[in-house]
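Chemist: So I've got this file, input.cif, and it contains mmCIF, C-alpha atoms and all ligand atoms:
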```cif
data_target
#
loop_
_atom_site.label_atom_id
_atom_site.label_comp_id
_atom_site.auth_asym_id
_atom_site.auth_seq_id
_atom_site.Cartn_x
_atom_site.Cartn_y
_atom_site.Cartn_z
CA MET A 213 -40.60 -3.00 -149.36
CA ASP A 214 -43.96 -1.29 -149.85
CA LEU A 215 -45.19 -2.81 -153.09
CA GLN A 216 -48.46 -0.88 -153.21
CA PRO A 217 -47.22 2.24 -155.06
CA ILE A 218 -45.57 -0.03 -157.63
CA LEU A 219 -48.78 -1.97 -158.23
CA ASN A 220 -50.76 1.27 -158.49
CA ALA A 221 -48.38 2.67 -161.10
CA ILE A 222 -48.43 -0.57 -163.11
CA ALA A 223 -52.25 -0.66 -163.11
CA ASP A 224 -52.29 2.98 -164.18
CA ASP A 225 -49.99 2.26 -167.13
CA CYS A 226 -52.03 -0.80 -168.12
CA SER A 227 -55.28 1.20 -168.05
CA LYS A 228 -53.85 3.51 -170.74
CA GLU A 229 -52.90 0.62 -173.01
CA LYS A 230 -54.99 0.55 -176.21
CA GLU A 231 -53.68 -2.79 -177.51
CA ARG A 232 -55.07 -5.18 -174.91
CA GLY A 233 -54.86 -8.45 -176.86
CA VAL A 234 -57.74 -10.70 -177.88
CA VAL A 235 -60.06 -12.53 -175.48
CA ALA A 236 -60.10 -16.31 -176.15
CA SER A 237 -63.19 -17.41 -178.05
CA TYR A 238 -62.55 -21.06 -178.94
CA ILE A 239 -64.29 -21.91 -175.67
CA PRO A 240 -67.47 -19.87 -176.35
CA GLU A 241 -68.14 -19.03 -172.68
CA LEU A 242 -64.75 -17.34 -172.30
CA ALA A 243 -65.54 -14.87 -175.09
CA LYS A 244 -68.13 -13.19 -172.86
CA VAL A 245 -65.52 -11.63 -170.55
CA SER A 246 -64.66 -7.93 -170.98
CA ASP A 247 -61.10 -7.14 -172.07
CA GLU A 248 -61.21 -4.08 -169.78
CA LYS A 249 -60.63 -6.22 -166.69
CA PHE A 250 -57.30 -5.96 -164.92
CA GLY A 251 -56.30 -7.16 -161.47
CA MET A 252 -53.12 -7.98 -159.60
CA PHE A 253 -52.43 -9.45 -156.15
CA VAL A 254 -49.14 -10.06 -154.34
CA LEU A 255 -48.63 -12.05 -151.14
CA ASP A 256 -45.16 -11.64 -149.69
CA ALA A 257 -43.29 -14.10 -147.45
CA GLN A 258 -44.70 -12.43 -144.31
CA GLN A 259 -48.15 -12.73 -145.87
CA ASN A 260 -48.58 -9.02 -146.37
CA GLU A 261 -51.15 -8.44 -149.11
CA TYR A 262 -50.92 -5.92 -151.93
CA PHE A 263 -53.51 -5.62 -154.66
CA VAL A 264 -54.95 -3.40 -157.33
CA GLY A 265 -57.88 -3.32 -159.79
CA ASP A 266 -60.13 -6.36 -160.20
CA ALA A 267 -57.98 -8.50 -157.90
CA HIS A 268 -61.00 -9.96 -156.11
CA GLU A 269 -63.09 -10.79 -159.16
CA ARG A 270 -63.22 -14.44 -160.21
CA PHE A 271 -62.30 -15.62 -163.69
CA SER A 272 -61.73 -18.96 -165.41
CA ILE A 273 -58.27 -20.14 -164.37
CA GLN A 274 -58.05 -22.62 -167.28
CA SER A 275 -54.49 -23.92 -167.65
CA VAL A 276 -53.28 -22.36 -164.42
CA SER A 277 -55.12 -25.33 -162.90
CA LYS A 278 -52.57 -27.67 -164.51
CA VAL A 279 -50.05 -26.75 -161.82
CA LEU A 280 -52.52 -27.59 -159.06
CA ALA A 281 -53.51 -30.92 -160.61
CA LEU A 282 -49.82 -31.74 -161.08
CA ALA A 283 -49.08 -30.87 -157.45
CA GLN A 284 -51.85 -33.12 -156.21
CA ALA A 285 -50.91 -36.04 -158.50
CA PHE A 286 -47.16 -35.69 -157.81
CA GLY A 287 -47.88 -35.57 -154.09
CA ILE A 288 -49.79 -38.86 -154.39
CA VAL A 289 -47.74 -40.96 -156.82
CA GLY A 290 -44.30 -39.31 -156.57
CA ARG A 291 -41.59 -39.84 -159.17
CA SER A 292 -43.36 -42.64 -160.99
CA LEU A 293 -45.37 -39.86 -162.65
CA TRP A 294 -42.39 -39.12 -164.92
CA LYS A 295 -42.72 -42.51 -166.60
CA ARG A 296 -45.95 -41.28 -168.15
CA VAL A 297 -45.19 -37.61 -168.80
CA GLY A 298 -41.93 -35.83 -169.69
CA VAL A 299 -40.30 -32.68 -168.34
CA GLU A 300 -39.09 -30.92 -171.49
CA PRO A 301 -40.53 -27.74 -172.98
CA SER A 302 -42.40 -28.46 -176.18
CA GLY A 303 -41.82 -25.22 -178.10
CA ASN A 304 -45.26 -25.81 -179.58
CA PRO A 305 -48.78 -24.61 -178.80
CA PHE A 306 -50.60 -26.18 -175.86
CA ASN A 307 -52.87 -28.32 -178.04
CA PHE A 308 -50.28 -29.46 -180.59
CA LEU A 309 -50.89 -33.10 -181.47
CA SER A 310 -48.29 -34.48 -183.88
CA LEU A 311 -45.44 -34.46 -181.35
CA LEU A 312 -47.46 -36.81 -179.17
CA GLU A 313 -47.63 -39.34 -181.98
CA GLN A 314 -43.92 -39.05 -182.75
CA GLU A 315 -43.07 -39.54 -179.09
CA ASN A 316 -45.23 -42.63 -178.62
CA GLY A 317 -47.92 -41.14 -176.44
CA ILE A 318 -45.61 -39.68 -173.75
CA PRO A 319 -46.48 -35.97 -173.56
CA ARG A 320 -43.53 -33.58 -173.41
CA ASN A 321 -44.56 -32.06 -170.08
CA PRO A 322 -47.56 -31.81 -167.70
CA PHE A 323 -48.50 -28.29 -168.83
CA ILE A 324 -49.39 -29.04 -172.44
CA ASN A 325 -52.90 -30.40 -172.77
CA ALA A 326 -51.77 -33.98 -173.46
CA GLY A 327 -49.66 -33.97 -170.29
CA ALA A 328 -52.43 -32.46 -168.19
CA ILE A 329 -54.86 -35.08 -169.48
CA VAL A 330 -52.47 -37.81 -168.29
CA VAL A 331 -52.31 -36.05 -164.89
CA SER A 332 -56.14 -36.04 -164.78
CA ASP A 333 -56.04 -39.77 -165.50
CA VAL A 334 -53.65 -40.27 -162.55
CA LEU A 335 -56.04 -38.34 -160.28
CA LEU A 336 -58.97 -40.36 -161.55
CA SER A 337 -57.15 -43.60 -160.73
CA THR A 338 -55.99 -42.52 -157.26
CA LEU A 339 -58.70 -40.29 -155.73
CA LYS A 340 -61.92 -41.65 -154.24
CA ASP A 341 -64.11 -38.85 -155.53
CA PRO A 342 -61.82 -37.13 -158.06
CA LYS A 343 -63.85 -33.99 -158.82
CA GLN A 344 -64.65 -33.31 -155.18
CA ASP A 345 -61.18 -34.25 -153.94
CA PHE A 346 -59.41 -32.00 -156.45
CA LEU A 347 -61.63 -29.08 -155.49
CA ALA A 348 -61.04 -29.82 -151.81
CA TYR A 349 -57.27 -29.75 -152.42
CA ILE A 350 -57.42 -26.27 -153.98
CA ARG A 351 -59.77 -25.02 -151.29
CA GLU A 352 -57.37 -26.18 -148.61
CA LEU A 353 -54.35 -24.65 -150.30
CA ALA A 354 -56.22 -21.36 -150.68
CA ASN A 355 -57.82 -21.67 -147.24
CA ASP A 356 -61.04 -20.73 -148.98
CA GLN A 357 -64.10 -22.99 -149.15
CA SER A 358 -65.91 -20.74 -151.61
CA ILE A 359 -63.88 -21.87 -154.66
CA VAL A 360 -66.07 -23.77 -157.14
CA TYR A 361 -66.18 -25.23 -160.62
CA ASP A 362 -67.94 -23.15 -163.26
CA ASN A 363 -70.17 -25.83 -164.75
CA ILE A 364 -71.22 -23.59 -167.63
CA VAL A 365 -67.60 -23.14 -168.72
CA ALA A 366 -66.95 -26.88 -168.27
CA LYS A 367 -69.95 -27.70 -170.47
CA SER A 368 -68.95 -25.10 -173.06
CA GLU A 369 -65.56 -26.75 -173.32
CA LYS A 370 -66.99 -30.25 -173.36
CA ASP A 371 -69.27 -29.28 -176.27
CA THR A 372 -66.42 -27.85 -178.31
CA GLY A 373 -63.44 -29.89 -177.11
CA SER A 374 -62.80 -32.02 -180.20
CA ARG A 375 -59.08 -31.44 -180.11
CA ASN A 376 -58.76 -32.47 -176.48
CA ARG A 377 -60.87 -35.49 -177.27
CA ALA A 378 -58.51 -36.37 -180.13
CA THR A 379 -55.56 -35.94 -177.77
CA ALA A 380 -57.12 -38.21 -175.17
CA TYR A 381 -57.89 -40.93 -177.71
CA LEU A 382 -54.33 -40.77 -179.03
CA LEU A 383 -53.04 -41.16 -175.46
CA LYS A 384 -55.42 -44.07 -174.96
CA SER A 385 -54.21 -45.74 -178.17
CA PHE A 386 -50.65 -45.64 -176.82
CA GLY A 387 -51.80 -47.17 -173.53
CA ASN A 388 -51.12 -43.96 -171.57
CA LEU A 389 -54.66 -43.53 -170.19
CA GLU A 390 -56.00 -46.02 -167.66
CA ASN A 391 -59.55 -44.71 -167.51
CA ASP A 392 -62.40 -44.11 -169.90
CA VAL A 393 -61.65 -41.15 -172.20
CA GLU A 394 -64.88 -39.26 -171.44
CA GLU A 395 -64.37 -39.64 -167.69
CA VAL A 396 -60.82 -38.32 -167.91
CA LEU A 397 -61.95 -35.39 -170.05
CA ASP A 398 -64.81 -34.62 -167.68
CA LEU A 399 -62.31 -34.19 -164.84
CA TYR A 400 -59.91 -32.23 -167.08
CA PHE A 401 -62.62 -29.82 -168.31
CA HIS A 402 -63.89 -29.27 -164.78
CA GLN A 403 -60.41 -28.67 -163.49
CA CYS A 404 -59.89 -26.00 -166.18
CA SER A 405 -63.25 -24.40 -165.40
CA VAL A 406 -62.43 -23.55 -161.77
CA SER A 407 -63.00 -19.88 -161.24
CA MET A 408 -60.76 -17.95 -158.88
CA SER A 409 -59.65 -14.40 -158.26
CA CYS A 410 -56.09 -13.10 -158.29
CA GLU A 411 -56.26 -13.06 -154.49
CA GLN A 412 -57.25 -16.73 -154.33
CA LEU A 413 -54.61 -17.70 -156.89
CA ALA A 414 -51.81 -15.86 -155.12
CA LYS A 415 -52.81 -17.51 -151.84
CA THR A 416 -52.95 -20.95 -153.48
CA PHE A 417 -49.59 -20.54 -155.22
CA PHE A 418 -48.00 -19.46 -151.94
CA VAL A 419 -47.26 -23.18 -151.38
CA PHE A 420 -44.77 -23.08 -154.30
CA ALA A 421 -43.10 -19.95 -152.90
CA ASN A 422 -43.01 -21.33 -149.38
CA ARG A 423 -41.19 -24.67 -149.71
CA GLY A 424 -44.40 -26.69 -149.84
CA TYR A 425 -46.17 -25.06 -146.85
CA CYS A 426 -49.49 -23.26 -147.42
CA THR A 427 -50.51 -19.95 -145.83
CA ARG A 428 -51.61 -21.82 -142.68
CA ARG A 429 -48.20 -23.53 -142.51
CA ASN A 430 -49.53 -27.00 -143.34
CA LYS A 431 -47.14 -29.06 -145.46
CA TYR A 432 -48.38 -30.28 -148.87
CA LEU A 433 -45.20 -30.99 -150.82
CA ASN A 434 -41.60 -31.70 -149.93
CA ILE A 435 -38.89 -29.30 -150.97
CA ASN A 436 -37.73 -31.47 -153.87
CA GLN A 437 -41.23 -31.70 -155.26
CA VAL A 438 -41.52 -27.92 -155.08
CA LYS A 439 -38.19 -27.63 -156.89
CA ARG A 440 -39.47 -29.84 -159.71
CA ILE A 441 -42.80 -28.05 -160.05
CA ASN A 442 -41.16 -24.62 -160.09
CA ALA A 443 -38.63 -25.82 -162.68
CA LEU A 444 -41.50 -27.01 -164.87
CA MET A 445 -43.30 -23.70 -164.47
CA LEU A 446 -40.18 -21.81 -165.53
CA THR A 447 -39.46 -23.97 -168.57
CA CYS A 448 -42.96 -24.98 -169.68
CA GLY A 449 -45.45 -22.61 -168.06
CA PHE A 450 -46.14 -20.23 -170.95
CA TYR A 451 -46.95 -22.31 -174.03
CA ASP A 452 -44.25 -21.69 -176.62
CA GLU A 453 -43.36 -18.39 -174.98
CA ALA A 454 -41.64 -19.75 -171.85
CA GLY A 455 -38.25 -18.42 -172.98
CA GLU A 456 -39.70 -14.96 -173.53
CA PHE A 457 -41.38 -15.01 -170.12
CA ALA A 458 -38.15 -16.09 -168.38
CA PHE A 459 -36.31 -13.36 -170.29
CA GLU A 460 -38.79 -10.55 -169.61
CA VAL A 461 -40.16 -11.53 -166.20
CA GLY A 462 -37.84 -14.12 -164.68
CA LEU A 463 -40.27 -16.06 -162.50
CA PRO A 464 -41.63 -19.62 -162.52
CA GLY A 465 -45.30 -19.27 -163.40
CA LYS A 466 -48.26 -20.56 -165.35
CA SER A 467 -50.75 -18.84 -167.58
CA GLY A 468 -54.20 -19.81 -168.82
CA VAL A 469 -56.36 -18.79 -171.76
CA GLY A 470 -58.74 -17.05 -169.33
CA GLY A 471 -56.03 -14.37 -169.10
CA GLY A 472 -54.74 -15.31 -165.66
CA ILE A 473 -51.10 -15.77 -164.71
CA ALA A 474 -49.82 -17.04 -161.34
CA ALA A 475 -46.11 -16.89 -160.53
CA VAL A 476 -43.75 -17.18 -157.59
CA LEU A 477 -40.39 -15.98 -156.39
CA PRO A 478 -39.34 -18.79 -154.02
CA GLN A 479 -39.17 -17.63 -150.41
CA GLN A 480 -40.21 -14.11 -151.34
CA TYR A 481 -43.71 -13.86 -152.78
CA SER A 482 -46.50 -15.30 -154.88
CA ILE A 483 -48.26 -13.10 -157.42
CA ALA A 484 -51.28 -13.35 -159.68
CA VAL A 485 -52.42 -11.08 -162.47
CA TRP A 486 -55.49 -11.14 -164.67
CA SER A 487 -56.24 -9.39 -167.94
CA PRO A 488 -58.34 -11.43 -170.40
CA GLY A 489 -56.85 -10.16 -173.68
CA LEU A 490 -54.25 -12.63 -174.99
CA ASN A 491 -51.23 -12.13 -177.22
CA LYS A 492 -50.61 -14.34 -180.28
CA LYS A 493 -49.05 -17.09 -178.16
CA GLY A 494 -52.06 -17.28 -175.85
CA ASN A 495 -50.61 -15.48 -172.83
CA SER A 496 -52.29 -12.49 -171.21
CA LYS A 497 -50.88 -9.47 -173.00
CA LEU A 498 -51.16 -6.95 -170.18
CA GLY A 499 -50.46 -9.66 -167.62
CA LEU A 500 -47.06 -10.18 -169.18
CA ASN A 501 -46.39 -6.44 -169.36
CA ALA A 502 -47.44 -6.01 -165.74
CA LEU A 503 -45.21 -8.80 -164.46
CA GLU A 504 -42.27 -7.53 -166.49
CA ALA A 505 -42.73 -4.09 -164.95
CA PHE A 506 -43.12 -5.60 -161.47
CA THR A 507 -39.93 -7.68 -161.47
CA THR A 508 -37.93 -4.93 -163.19
CA GLN A 509 -39.05 -2.18 -160.83
CA THR A 510 -38.69 -4.26 -157.65
CA ASN A 511 -35.53 -6.11 -158.75
CA LEU A 512 -37.25 -9.24 -157.49
CA SER A 513 -36.87 -12.08 -159.97
CA ILE A 514 -35.08 -15.43 -159.73
CA PHE A 515 -32.25 -13.96 -161.79
N1 LIG B 1 -59.21 -25.86 -171.07
C1 LIG B 1 -58.35 -25.29 -172.10
C2 LIG B 1 -58.12 -26.30 -173.19
O1 LIG B 1 -57.92 -27.44 -172.91
C3 LIG B 1 -57.09 -24.87 -171.43
C4 LIG B 1 -56.27 -24.07 -172.34
C5 LIG B 1 -55.30 -23.20 -171.65
O2 LIG B 1 -55.63 -22.42 -170.74
O3 LIG B 1 -54.13 -23.29 -172.05
O4 LIG B 1 -58.14 -25.99 -174.34
#
```
As a first step, turn the structure in this file into structure tokens.

Modeler:
Amino acid sequence: MDLQPILNAIADDCSKEKERGVVASYIPELAKVSDEKFGMFVLDAQQNEYFVGDAHERFSIQSVSKVLALAQAFGIVGRSLWKRVGVEPSGNPFNFLSLLEQENGIPRNPFINAGAIVVSDVLLSTLKDPKQDFLAYIRELANDQSIVYDNIVAKSEKDTGSRNRATAYLLKSFGNLENDVEEVLDLYFHQCSVSMSCEQLAKTFFVFANRGYCTRRNKYLNINQVKRINALMLTCGFYDEAGEFAFEVGLPGKSGVGGGIAAVLPQQYSIAVWSPGLNKKGNSKLGLNALEAFTTQTNLSIF
């Protein structure tokens, strides 16, 4: 199927949209991005590329990185990971704290902040040079050595990250962090600060569409690990809007407060969209609209 005319029409519709959502400002650096940006990139199973708009411009991937950190940690420690982090949707915002206390320091899933901080702790305990090794993992998946941390965004978040700090200390008090809180947070903030384009994200997420094999056909995950990660993306990938995303779009995916969304249709394609304005639940407003239009017009969703 030629997806290009569909992408063009979606971008055209999005460009006319007046209500573009609100750019995140709780991390001061993110507030500097224009809400006019819009990009989309699709990589199909044969690795044909389709794109539109600002698909090659880099942005802060933020929580989209949680999937990549999970993949690396799961690949290293396997199923023992689930002793320290659950696999249920939380139905609460990404930085919600009280549930963590009620549930004795075991985060609901790896895509809320508490869960991702535990995953960072696992990486810190198992990698030789965690920051470099995590970046190297993404670069390999994307087959792109130019991917880097945005140290200004990482610092901006470090300076204002009281809630994540509170989360990490609560985890530590329950014995669910092995390493020093500030070291864990340093890795977590850097991981969130990675800047990538829709093209790079779609190429990286190809591994989840392609049974654990990257675009160069190297194997990173086994098929059961891919099944688990995709299940988590479907049920927990969109803050407390995962049900709505499954209903409207019907793809496993993950969003971030930088306005990026990456999603996959197993064995068919990976897709990334970016529009910085967020809806009330913290998901990219136009990103959601665009993906809904894409799966509806192509009839290509998991349902
Ligand atoms: N780095 C952000 C935070 O921890 C990630 C938020 C997100 O994209 O959901 O607040």

Chemist: Find, counting all atoms listed in the file, the residue in A:Val393, A:Leu463, A:Ala475, A:Ala236 that gets nearest to ligand LIG 1 (chain B).

Modeler: A:Ala236

Chemist: Output the neighbourhood of ligand LIG 1 (chain B) as a JSON list (two decimals) with C-alpha atoms, keeping the file's coordinate frame, that is, all protein and nucleic acid residues with some atom at most 7 Å from the ligand, counting all atoms listed in the file.

Modeler:
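That gives us result_17.json:
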```
[["chain", "number", "residue", "atom", "x", "y", "z"],
["A", 274, "GLN", "CA", -58.05, -22.62, -167.28],
["A", 275, "SER", "CA", -54.49, -23.92, -167.65],
["A", 276, "VAL", "CA", -53.28, -22.36, -164.42],
["A", 306, "PHE", "CA", -50.60, -26.18, -175.86],
["A", 307, "ASN", "CA", -52.87, -28.32, -178.04],
["A", 325, "ASN", "CA", -52.90, -30.40, -172.77],
["A", 369, "GLU", "CA", -65.56, -26.75, -173.32],
["A", 376, "ASN", "CA", -58.76, -32.47, -176.48],
["A", 401, "PHE", "CA", -62.62, -29.82, -168.31],
["A", 404, "CYS", "CA", -59.89, -26.00, -166.18],
["A", 467, "SER", "CA", -50.75, -18.84, -167.58],
["A", 468, "GLY", "CA", -54.20, -19.81, -168.82],
["A", 469, "VAL", "CA", -56.36, -18.79, -171.76],
["A", 470, "GLY", "CA", -58.74, -17.05, -169.33]]
```

Chemist: When you draw a straight line from atom CA of A:Gly251 to atom CA of A:Pro488, how long is it in Å?

Modeler: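 Atom CA of A:Pro488 lies 10.1 Å from atom CA of A:Gly251.
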
Chemist: Find the distance between atom CA of A:Val330 and atom CA of A:Phe418 and write it in Å to one decimal.

Modeler: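 Separation between atom CA of A:Val330 and atom CA of A:Phe418: 25.0 Å.
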
Chemist: For a quick check of understanding, using all atoms listed in the file, which of A:Thr510, A:Gln437, A:Gln314, A:Ser272 has the smallest distance to A:Gln284?

Modeler: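 Distance minimum relative to A:Gln284 lands on A:Gln437.
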
Chemist: Given the choices A:Gln357, A:Ser332, A:Ser409, A:Ser374, which gets closest to A:Asp266 if the distance is worked out from only C-alpha atoms?

Modeler: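 Checking each candidate against A:Asp266, we get A:Ser409 as the closest.
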
Chemist: Taking only C-alpha atoms into account, which of A:Ile441, A:Ala484, A:Ala474, A:Ala458 comes nearest A:Arg291?

Modeler: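 With only C-alpha atoms as the atom set, the closest residue is A:Ile441.
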
Chemist: I'd like to know which of A:Val234, A:Leu312, A:Leu500, A:Ala454 is closest to A:Gly472, using all atoms listed in the file.

Modeler: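 Among A:Val234, A:Leu312, A:Leu500, A:Ala454, it is A:Leu500 that comes nearest to A:Gly472.
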
Chemist: Counting only C-alpha atoms, what is within 12 Å of A:Lys439, bar same-chain residues fewer than 6 positions away, as number ranges by chain?

Modeler: A: 283, 419-424, 433, 445-446, 464, 476-479
